[in-house]
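Shown next: model_30.cif, given as mmCIF, C-alpha atoms and all ligand atoms.
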```cif
data_query
loop_
_atom_site.label_atom_id
_atom_site.label_comp_id
_atom_site.auth_asym_id
_atom_site.auth_seq_id
_atom_site.Cartn_x
_atom_site.Cartn_y
_atom_site.Cartn_z
CA MET A 1 -61.40 -9.43 56.20
CA SER A 2 -63.38 -11.35 53.62
CA ASP A 3 -67.08 -12.06 53.58
CA SER A 4 -69.22 -14.75 52.07
CA VAL A 5 -72.45 -13.09 51.06
CA THR A 6 -75.03 -14.28 48.57
CA THR A 7 -78.03 -12.09 49.10
CA GLY A 8 -79.62 -9.38 51.19
CA ALA A 9 -78.52 -5.93 52.23
CA VAL A 10 -74.99 -4.95 51.42
CA THR A 11 -74.33 -3.33 54.73
CA ASN A 12 -75.79 -2.17 58.01
CA ARG A 13 -73.91 1.13 57.94
CA PRO A 14 -74.22 4.22 55.74
CA VAL A 15 -72.11 3.88 52.61
CA VAL A 16 -69.64 6.32 51.08
CA LEU A 17 -69.18 5.97 47.33
CA LEU A 18 -65.88 6.76 45.62
CA GLY A 19 -66.26 8.36 42.19
CA TYR A 20 -69.13 9.80 40.18
CA GLY A 21 -68.75 8.42 36.64
CA GLY A 22 -70.84 5.85 34.81
CA HIS A 23 -69.91 2.94 37.03
CA ALA A 24 -70.63 5.02 40.14
CA ARG A 25 -74.14 5.66 38.83
CA VAL A 26 -74.73 1.91 38.44
CA VAL A 27 -73.30 1.18 41.89
CA LEU A 28 -75.54 3.89 43.34
CA ASP A 29 -78.62 2.24 41.80
CA THR A 30 -77.51 -1.10 43.20
CA LEU A 31 -77.03 0.35 46.68
CA ARG A 32 -80.47 1.93 46.49
CA ALA A 33 -82.01 -1.34 45.28
CA LEU A 34 -80.52 -2.98 48.37
CA GLY A 35 -81.98 -0.32 50.64
CA ALA A 36 -78.58 0.97 51.72
CA GLU A 37 -78.20 4.54 52.93
CA VAL A 38 -75.68 6.44 50.79
CA ALA A 39 -74.14 9.11 53.00
CA GLY A 40 -71.93 10.87 50.47
CA ILE A 41 -69.44 10.62 47.65
CA LEU A 42 -65.72 11.22 47.47
CA ALA A 43 -64.65 13.02 44.31
CA PRO A 44 -61.29 14.72 43.77
CA ASP A 45 -62.63 17.46 41.48
CA LEU A 46 -66.07 18.43 42.81
CA PRO A 47 -66.58 21.18 45.41
CA VAL A 48 -67.29 19.94 48.92
CA GLY A 49 -70.97 20.40 49.73
CA ASP A 50 -72.11 20.11 46.08
CA ARG A 51 -74.61 17.38 45.32
CA TRP A 52 -74.35 14.56 42.80
CA GLU A 53 -77.55 12.59 42.21
CA GLY A 54 -78.84 14.21 45.41
CA ILE A 55 -75.88 12.98 47.46
CA PRO A 56 -73.46 15.38 49.16
CA VAL A 57 -69.82 15.58 48.08
CA LEU A 58 -67.80 15.01 51.25
CA GLY A 59 -64.34 15.67 49.85
CA ASP A 60 -61.57 13.74 48.15
CA ASP A 61 -59.78 10.56 49.23
CA ASP A 62 -58.16 12.43 52.13
CA TRP A 63 -61.56 12.57 53.80
CA THR A 64 -60.99 8.89 54.64
CA ARG A 65 -58.26 9.98 57.11
CA ARG A 66 -60.87 11.60 59.37
CA PRO A 67 -61.67 9.78 62.61
CA GLU A 68 -65.37 9.49 61.67
CA ALA A 69 -64.51 7.68 58.41
CA ILE A 70 -64.43 4.38 60.29
CA GLN A 71 -68.18 4.66 60.94
CA TYR A 72 -68.99 4.13 57.26
CA HIS A 73 -68.77 1.36 54.73
CA TYR A 74 -67.38 2.02 51.25
CA SER A 75 -68.14 1.11 47.64
CA LEU A 76 -65.90 1.81 44.66
CA GLY A 77 -67.68 3.72 41.92
CA VAL A 78 -64.73 3.28 39.61
CA GLY A 79 -64.72 0.45 37.07
CA MET A 80 -61.73 -1.23 35.48
CA LEU A 81 -60.84 -0.75 31.81
CA PRO A 82 -57.89 -2.16 29.82
CA GLN A 83 -56.43 1.33 29.54
CA ARG A 84 -56.56 1.90 33.35
CA PRO A 85 -56.09 -1.53 34.92
CA HIS A 86 -54.67 -0.30 38.25
CA LEU A 87 -56.90 2.56 39.44
CA ARG A 88 -59.56 0.38 41.05
CA GLN A 89 -56.89 -1.71 42.77
CA ARG A 90 -55.13 1.44 44.06
CA LEU A 91 -58.33 2.78 45.62
CA PHE A 92 -59.10 -0.61 47.17
CA SER A 93 -55.61 -0.74 48.70
CA LEU A 94 -55.93 2.80 50.03
CA LEU A 95 -59.17 1.95 51.85
CA ARG A 96 -57.67 -1.30 53.09
CA GLU A 97 -54.60 0.51 54.48
CA ARG A 98 -56.94 2.79 56.41
CA GLN A 99 -58.80 -0.27 57.75
CA LEU A 100 -62.06 0.80 56.12
CA ARG A 101 -64.59 -1.86 55.15
CA MET A 102 -66.02 -2.57 51.67
CA PRO A 103 -68.66 -5.28 52.04
CA PRO A 104 -69.47 -7.21 48.85
CA LEU A 105 -72.28 -5.69 46.81
CA VAL A 106 -74.79 -8.07 45.19
CA HIS A 107 -77.63 -6.70 43.06
CA PRO A 108 -80.97 -8.22 44.07
CA SER A 109 -81.45 -9.63 40.54
CA ALA A 110 -78.18 -11.60 40.64
CA VAL A 111 -78.38 -15.37 41.16
CA LEU A 112 -75.59 -16.86 43.26
CA ALA A 113 -75.34 -20.50 44.33
CA PRO A 114 -75.41 -20.73 48.14
CA ASP A 115 -71.79 -21.89 48.43
CA VAL A 116 -70.28 -19.12 46.33
CA VAL A 117 -67.58 -17.17 48.19
CA LEU A 118 -67.18 -13.44 47.56
CA GLY A 119 -64.20 -11.39 48.70
CA GLU A 120 -64.20 -7.95 50.30
CA GLY A 121 -65.35 -5.18 47.97
CA THR A 122 -66.51 -7.50 45.20
CA GLN A 123 -69.38 -6.13 43.13
CA VAL A 124 -71.96 -8.38 41.47
CA MET A 125 -74.12 -6.30 39.17
CA ALA A 126 -77.65 -6.79 37.82
CA GLY A 127 -78.46 -10.07 36.10
CA VAL A 128 -75.21 -11.86 36.98
CA ILE A 129 -75.28 -15.64 37.57
CA VAL A 130 -72.62 -17.47 39.57
CA GLN A 131 -72.86 -21.26 39.78
CA PRO A 132 -71.77 -23.61 42.63
CA GLY A 133 -68.21 -24.04 43.75
CA SER A 134 -66.99 -20.70 42.39
CA VAL A 135 -64.64 -18.60 44.49
CA ILE A 136 -64.53 -14.90 43.72
CA GLY A 137 -61.68 -12.91 45.26
CA GLU A 138 -61.43 -9.36 46.56
CA ASN A 139 -62.43 -6.27 44.62
CA VAL A 140 -63.71 -8.26 41.64
CA LEU A 141 -66.27 -6.65 39.35
CA LEU A 142 -68.77 -9.04 37.74
CA ASN A 143 -70.51 -6.66 35.42
CA THR A 144 -74.07 -6.62 34.11
CA ARG A 145 -75.39 -10.06 33.03
CA ALA A 146 -72.00 -11.81 33.17
CA THR A 147 -72.22 -15.54 33.89
CA VAL A 148 -69.72 -17.56 35.89
CA ASP A 149 -70.32 -21.29 35.72
CA HIS A 150 -69.39 -23.96 38.27
CA HIS A 151 -66.03 -24.15 40.06
CA CYS A 152 -64.48 -21.05 38.58
CA ARG A 153 -61.69 -19.27 40.45
CA ILE A 154 -61.50 -15.52 40.01
CA ASP A 155 -58.64 -13.74 41.73
CA ALA A 156 -58.53 -10.20 43.11
CA HIS A 157 -59.18 -7.05 41.05
CA VAL A 158 -60.59 -8.89 38.00
CA HIS A 159 -63.23 -7.29 35.78
CA VAL A 160 -65.59 -9.63 33.93
CA GLY A 161 -67.33 -7.38 31.40
CA PRO A 162 -71.05 -7.15 30.66
CA GLY A 163 -72.50 -10.33 29.19
CA ALA A 164 -69.25 -12.29 29.28
CA ILE A 165 -69.55 -16.06 29.72
CA LEU A 166 -67.14 -18.12 31.80
CA CYS A 167 -67.80 -21.86 31.38
CA GLY A 168 -67.00 -24.29 34.20
CA GLU A 169 -63.62 -24.39 35.96
CA VAL A 170 -62.26 -21.26 34.33
CA GLN A 171 -59.44 -19.59 36.30
CA LEU A 172 -58.66 -15.88 36.11
CA GLY A 173 -55.49 -14.49 37.70
CA GLU A 174 -55.31 -11.12 39.44
CA ARG A 175 -56.33 -8.02 37.46
CA VAL A 176 -57.52 -9.98 34.42
CA PHE A 177 -59.90 -8.04 32.18
CA VAL A 178 -62.51 -10.00 30.22
CA GLY A 179 -64.23 -7.80 27.61
CA ALA A 180 -67.97 -7.53 27.12
CA GLY A 181 -69.57 -10.60 25.57
CA ALA A 182 -66.39 -12.70 25.51
CA THR A 183 -66.79 -16.47 25.95
CA LEU A 184 -64.19 -18.61 27.74
CA ILE A 185 -64.68 -22.36 27.28
CA GLN A 186 -64.42 -24.76 30.20
CA GLY A 187 -61.14 -25.08 32.07
CA ILE A 188 -59.44 -22.05 30.51
CA ASP A 189 -56.68 -20.45 32.58
CA ILE A 190 -55.94 -16.76 32.09
CA GLY A 191 -52.73 -15.43 33.68
CA ALA A 192 -52.52 -12.34 35.88
CA GLY A 193 -53.06 -9.02 34.17
CA ALA A 194 -54.07 -10.54 30.83
CA GLN A 195 -56.85 -8.93 28.79
CA VAL A 196 -59.45 -10.56 26.55
CA ALA A 197 -61.04 -8.43 23.82
CA ALA A 198 -64.77 -7.83 23.78
CA GLY A 199 -66.57 -10.59 21.91
CA ALA A 200 -63.58 -12.96 21.77
CA THR A 201 -64.06 -16.72 22.03
CA VAL A 202 -61.18 -18.15 24.05
CA VAL A 203 -60.36 -21.84 23.53
CA ARG A 204 -56.69 -21.85 24.69
CA ASN A 205 -55.04 -20.61 27.88
CA ILE A 206 -53.67 -17.05 27.83
CA ALA A 207 -50.40 -16.24 29.57
CA ALA A 208 -49.99 -13.47 32.15
CA GLY A 209 -49.69 -9.95 30.80
CA ILE A 210 -50.99 -10.76 27.30
CA ARG A 211 -53.74 -8.93 25.39
CA HIS A 212 -55.77 -11.38 23.35
CA ILE A 213 -57.55 -9.98 20.29
CA PRO A 214 -59.13 -12.41 17.81
CA GLY A 215 -57.18 -12.69 14.57
CA HIS A 216 -54.11 -10.96 16.03
CA LEU A 217 -50.87 -12.28 17.47
CA PRO A 218 -50.68 -12.10 21.30
CA ILE A 219 -49.73 -8.59 22.40
CA ARG A 220 -47.59 -8.04 25.50
CA ILE A 221 -49.22 -5.32 27.60
CA GLU A 222 -46.92 -2.47 28.54
CA GLU A 223 -47.16 -1.54 32.23
CA ALA A 224 -48.96 1.80 32.63
C1 LIG B 301 -59.08 -5.47 23.17
C2 LIG B 301 -59.07 -3.98 23.29
C3 LIG B 301 -58.65 -3.60 24.71
C4 LIG B 301 -58.05 -3.48 22.29
O1 LIG B 301 -57.89 -2.12 22.40
P1 LIG B 301 -56.70 -1.43 21.58
O2 LIG B 301 -55.39 -2.03 21.98
O3 LIG B 301 -56.87 0.03 21.78
O4 LIG B 301 -56.96 -1.90 20.11
P2 LIG B 301 -57.21 -1.06 18.80
O5 LIG B 301 -58.54 -0.38 18.88
O6 LIG B 301 -55.98 -0.24 18.54
O7 LIG B 301 -57.32 -2.21 17.72
C5 LIG B 301 -56.21 -3.02 17.38
C6 LIG B 301 -56.71 -4.06 16.40
O8 LIG B 301 -57.54 -4.98 17.11
C7 LIG B 301 -58.85 -5.01 16.53
N1 LIG B 301 -59.79 -5.13 17.64
C8 LIG B 301 -59.87 -4.32 18.73
N2 LIG B 301 -60.80 -4.78 19.57
C9 LIG B 301 -61.30 -5.88 19.02
C10 LIG B 301 -62.32 -6.79 19.42
N3 LIG B 301 -62.94 -6.62 20.59
N4 LIG B 301 -62.59 -7.85 18.63
C11 LIG B 301 -61.93 -8.02 17.44
N5 LIG B 301 -60.95 -7.19 17.01
C12 LIG B 301 -60.66 -6.13 17.78
C13 LIG B 301 -58.98 -3.68 15.80
O9 LIG B 301 -59.93 -3.75 14.75
C14 LIG B 301 -57.58 -3.51 15.28
O10 LIG B 301 -57.40 -4.38 14.17
P3 LIG B 301 -56.36 -4.03 12.97
O11 LIG B 301 -55.00 -3.92 13.60
O12 LIG B 301 -56.49 -5.22 12.07
O13 LIG B 301 -56.86 -2.76 12.38
C15 LIG B 301 -60.46 -3.33 23.04
O14 LIG B 301 -60.79 -3.26 21.67
C16 LIG B 301 -61.58 -4.09 23.73
O15 LIG B 301 -62.11 -5.09 23.26
N6 LIG B 301 -61.93 -3.53 24.89
C17 LIG B 301 -62.96 -4.10 25.72
C18 LIG B 301 -64.17 -3.15 25.82
C19 LIG B 301 -65.14 -3.65 26.82
O16 LIG B 301 -65.45 -4.82 26.90
N7 LIG B 301 -65.61 -2.74 27.65
C20 LIG B 301 -66.51 -3.09 28.74
C21 LIG B 301 -66.67 -1.87 29.59
S1 LIG B 301 -67.74 -2.16 30.94
#
```

Could you write out this file's structure as structure tokens?
Ligand SMILES: CC(C)(COP(=O)(O)OP(=O)(O)OC[C@H]1O[C@@H](n2cnc3c(N)ncnc32)[C@H](O)[C@@H]1OP(=O)(O)O)[C@@H](O)C(=O)NCCC(=O)NCCS
Amino acid sequence: MSDSVTTGAVTNRPVVLLGYGGHARVVLDTLRALGAEVAGILAPDLPVGDRWEGIPVLGDDDWTRRPEAIQYHYSLGVGMLPQRPHLRQRLFSLLRERQLRMPPLVHPSAVLAPDVVLGEGTQVMAGVIVQPGSVIGENVLLNTRATVDHHCRIDAHVHVGPGAILCGEVQLGERVFVGAGATLIQGIDIGAGAQVAAGATVVRNIAAGIRHIPGHLPIRIEEA
């Protein structure tokens, strides 16, 4: 179920957005910039029928069990932070289990080389650049103005924070978090679930499950 998409409309079906926080607002703007129709939001703690940014609240995640749910496409309005590394992955898996589609979302201002591969549900926000030969897995979030240089491999559920720079041939394992403005030099390999602090310059590989903060010893991340 993966797509390779570099430009154009995200979807030919109405979209349902999950969440209504800050990231949801940015995703909503991106969907609107792409001309997509946003049919409603799913929010666990808003009354059904209320409106958020002019869009009706349809219900909570259980709404996706309804037979008509299959007629829509979906976008996650939930980001991924070091303190909550699994929520976005859980929602993605839930939609996947219910065989609901999350086409990749690419802001019109993003620049992607024609051969770049994007996985299901991956979100490429405003100002992002992705250079040739890069393969971006499922449910990845490339946040505002991040750059991904040539031949990078980014596995599922990764968040590359705003303004972060990945030089060529960088590899990020599943669920890696790269903080805003961090720079990873060419060829760096970051193991699954590792986290890079905002603003860090990374010149050595980082093992799976490690939090890297400049000037500090590696910290093993406790599972939430
Ligand atoms: C790395 C990070 C997850 C650490 O969070 P934390 O474990 O709660 O860390 P703390 O705030 O307790 O700080 C621990 C130490 O690391 C230092 N530190 C924390 N973040 C740092 C950073 N980005 N750069 C340099 N030092 C940092 C703190 O000053 C503190 O130092 P001290 O022990 O000498 O006093 C967090 O600071 C960070 O960088 N988050 C990324 C934010 C981001 O990019 N958000 C994008 C949202 S779209």

At a cut-off of 8 Å, using all atoms listed in the file, what residues contact stretch 47-61 of chain A? Leave out same-chain residues fewer than 6 positions from it and give the result as an mmCIF file with C-alpha atoms, in the coordinates of the input.
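Output contents, as saved in result-v8.cif:
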```cif
data_model
loop_
_atom_site.group_PDB
_atom_site.id
_atom_site.type_symbol
_atom_site.label_atom_id
_atom_site.label_comp_id
_atom_site.auth_asym_id
_atom_site.auth_seq_id
_atom_site.Cartn_x
_atom_site.Cartn_y
_atom_site.Cartn_z
ATOM 1 C CA TYR A 20 -69.130 9.800 40.180
ATOM 2 C CA VAL A 38 -75.680 6.440 50.790
ATOM 3 C CA ALA A 39 -74.140 9.110 53.000
ATOM 4 C CA GLY A 40 -71.930 10.870 50.470
ATOM 5 C CA ILE A 41 -69.440 10.620 47.650
#
```

- [ ] Show me which residues sit within 12 Å of ligand LIG 301 (chain B) when counting only C-alpha atoms and all ligand atoms, and put them as a ChimeraX atom specification.
- [x] /A:22-23,26,78-85,125,141-146,159-164,176-183,194-202,210-222

Task: Who sits within 12 Å of A:Gly137, all atoms listed in the file, same chain under 4 positions skipped, as a PyMOL selection string - done: chain A and resi 1-4+104+116-124+141-142+152-159+171-176

- [ ] For each of A:Val15, A:Leu184, A:Ala192, A:Leu94, take the minimum atom-to-atom distance to A:Val27, counting only C-alpha atoms, then give the residue where this is smallest.
- [x]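 Closest candidate: A:Val15.
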
TODO: Please indicate the distance in Å from atom CA of A:His107 to atom CA of A:Arg32, rounded to one decimal place.
DONE: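 We find that atom CA of A:His107 and atom CA of A:Arg32 lie 9.7 Å from each other.
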
- [ ] Find the distance between atom CA of A:Asn139 and atom CA of A:Leu17 and write it in Å to one decimal.
- [x] 14.2 Å

TODO: Considering only C-alpha atoms, state which residue in the set A:Leu91, A:Ile129, A:Val170, A:Leu28 is at the smallest distance from A:Ile188.
DONE: A:Val170

TODO: Grab the atom CA of A:Gly19 to atom CA of A:Leu42 distance for me, in Å with one decimal place.
DONE: 6.0 Å

Task: Top pick for closest residue to A:Glu223, considering A:Gly191, A:His86, A:Ile70, A:Val111 and counting all atoms listed in the file - done: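 Ranking A:Gly191, A:His86, A:Ile70, A:Val111 by distance to A:Glu223, first place goes to A:His86.
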
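If you measure from each of A:Gln89, A:Gly187, A:Pro108, A:Val128 to A:Val140 using only C-alpha atoms, the closest one turns out to be A:Gln89.
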
Task: Option closest in space to A:Leu34, from A:Cys167, A:Ala110, A:Val203, A:Ile185 [counting all atoms listed in the file] - done: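 Of A:Cys167, A:Ala110, A:Val203, A:Ile185, the one nearest A:Leu34 is A:Ala110, counting all atoms listed in the file.
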
Open item on the list: Using only C-alpha atoms, can you tell me which of A:Leu18, A:Ala24, A:Leu87, A:Ala126 comes closest to A:Asp62?
Closed with: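 So, comparing all the options, the nearest one is A:Leu18.
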
Taking all listed atoms of stretch 58-66 of chain A, build the axis-aligned box, pad each of the six sides by 3 Å, then write its centre and edge lengths in Å to one decimal as lines of an AutoDock Vina configuration file.
```
center_x = -63.0
center_y = 12.3
center_z = 53.8
size_x = 15.6
size_y = 12.8
size_z = 17.2
```

Please, can stretch 181-192 of chain A be completed to all heavy atoms and returned as a CSV table (one decimal), in the coordinates of the input?
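After the write, rebuild-v8.csv holds the following:
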```csv
chain,number,residue,atom,x,y,z
A,181,GLY,N,-69.1,-9.6,26.5
A,181,GLY,CA,-69.6,-10.6,25.6
A,181,GLY,C,-68.5,-11.7,25.2
A,181,GLY,O,-68.8,-12.5,24.3
A,182,ALA,N,-67.4,-11.6,25.8
A,182,ALA,CA,-66.4,-12.7,25.5
A,182,ALA,C,-66.9,-14.0,26.1
A,182,ALA,O,-67.6,-14.1,27.1
A,182,ALA,CB,-65.0,-12.3,26.1
A,183,THR,N,-66.4,-15.1,25.5
A,183,THR,CA,-66.8,-16.5,26.0
A,183,THR,C,-65.5,-17.2,26.2
A,183,THR,O,-64.6,-17.4,25.3
A,183,THR,CB,-67.6,-17.2,24.9
A,183,THR,OG1,-68.8,-16.5,24.7
A,183,THR,CG2,-68.0,-18.6,25.4
A,184,LEU,N,-65.4,-17.8,27.4
A,184,LEU,CA,-64.2,-18.6,27.7
A,184,LEU,C,-64.7,-20.0,27.9
A,184,LEU,O,-65.5,-20.3,28.8
A,184,LEU,CB,-63.5,-18.1,29.0
A,184,LEU,CG,-62.6,-16.9,28.9
A,184,LEU,CD1,-63.3,-15.7,28.3
A,184,LEU,CD2,-62.1,-16.5,30.3
A,185,ILE,N,-64.2,-21.0,27.1
A,185,ILE,CA,-64.7,-22.4,27.3
A,185,ILE,C,-64.2,-23.0,28.6
A,185,ILE,O,-63.3,-22.4,29.3
A,185,ILE,CB,-64.3,-23.2,26.0
A,185,ILE,CG1,-62.8,-23.5,26.0
A,185,ILE,CG2,-64.9,-22.6,24.8
A,185,ILE,CD1,-62.5,-24.7,25.1
A,186,GLN,N,-64.7,-24.1,28.9
A,186,GLN,CA,-64.4,-24.8,30.2
A,186,GLN,C,-62.9,-25.0,30.4
A,186,GLN,O,-62.2,-25.4,29.5
A,186,GLN,CB,-65.2,-26.1,30.3
A,186,GLN,CG,-64.7,-27.2,29.5
A,186,GLN,CD,-65.2,-27.1,28.0
A,186,GLN,OE1,-66.0,-26.2,27.7
A,186,GLN,NE2,-64.8,-28.0,27.2
A,187,GLY,N,-62.5,-24.8,31.7
A,187,GLY,CA,-61.1,-25.1,32.1
A,187,GLY,C,-60.1,-24.1,31.6
A,187,GLY,O,-58.9,-24.3,31.9
A,188,ILE,N,-60.4,-23.0,31.0
A,188,ILE,CA,-59.4,-22.0,30.5
A,188,ILE,C,-58.8,-21.4,31.7
A,188,ILE,O,-59.4,-21.0,32.7
A,188,ILE,CB,-60.1,-21.0,29.6
A,188,ILE,CG1,-60.5,-21.6,28.2
A,188,ILE,CG2,-59.3,-19.8,29.4
A,188,ILE,CD1,-59.3,-22.0,27.4
A,189,ASP,N,-57.5,-21.1,31.5
A,189,ASP,CA,-56.7,-20.4,32.6
A,189,ASP,C,-56.1,-19.2,32.0
A,189,ASP,O,-55.4,-19.2,31.0
A,189,ASP,CB,-55.6,-21.4,33.0
A,189,ASP,CG,-54.8,-20.9,34.2
A,189,ASP,OD1,-54.7,-19.7,34.4
A,189,ASP,OD2,-54.3,-21.8,35.0
A,190,ILE,N,-56.4,-18.1,32.6
A,190,ILE,CA,-55.9,-16.8,32.1
A,190,ILE,C,-55.0,-16.2,33.1
A,190,ILE,O,-55.4,-16.0,34.3
A,190,ILE,CB,-57.1,-15.8,31.9
A,190,ILE,CG1,-58.2,-16.4,31.1
A,190,ILE,CG2,-56.6,-14.5,31.2
A,190,ILE,CD1,-58.1,-16.4,29.6
A,191,GLY,N,-53.8,-15.9,32.7
A,191,GLY,CA,-52.7,-15.4,33.7
A,191,GLY,C,-53.0,-14.0,34.1
A,191,GLY,O,-53.7,-13.2,33.5
A,192,ALA,N,-52.3,-13.7,35.2
A,192,ALA,CA,-52.5,-12.3,35.9
A,192,ALA,C,-52.3,-11.2,34.9
A,192,ALA,O,-51.4,-11.2,34.1
A,192,ALA,CB,-51.5,-12.2,37.0
```
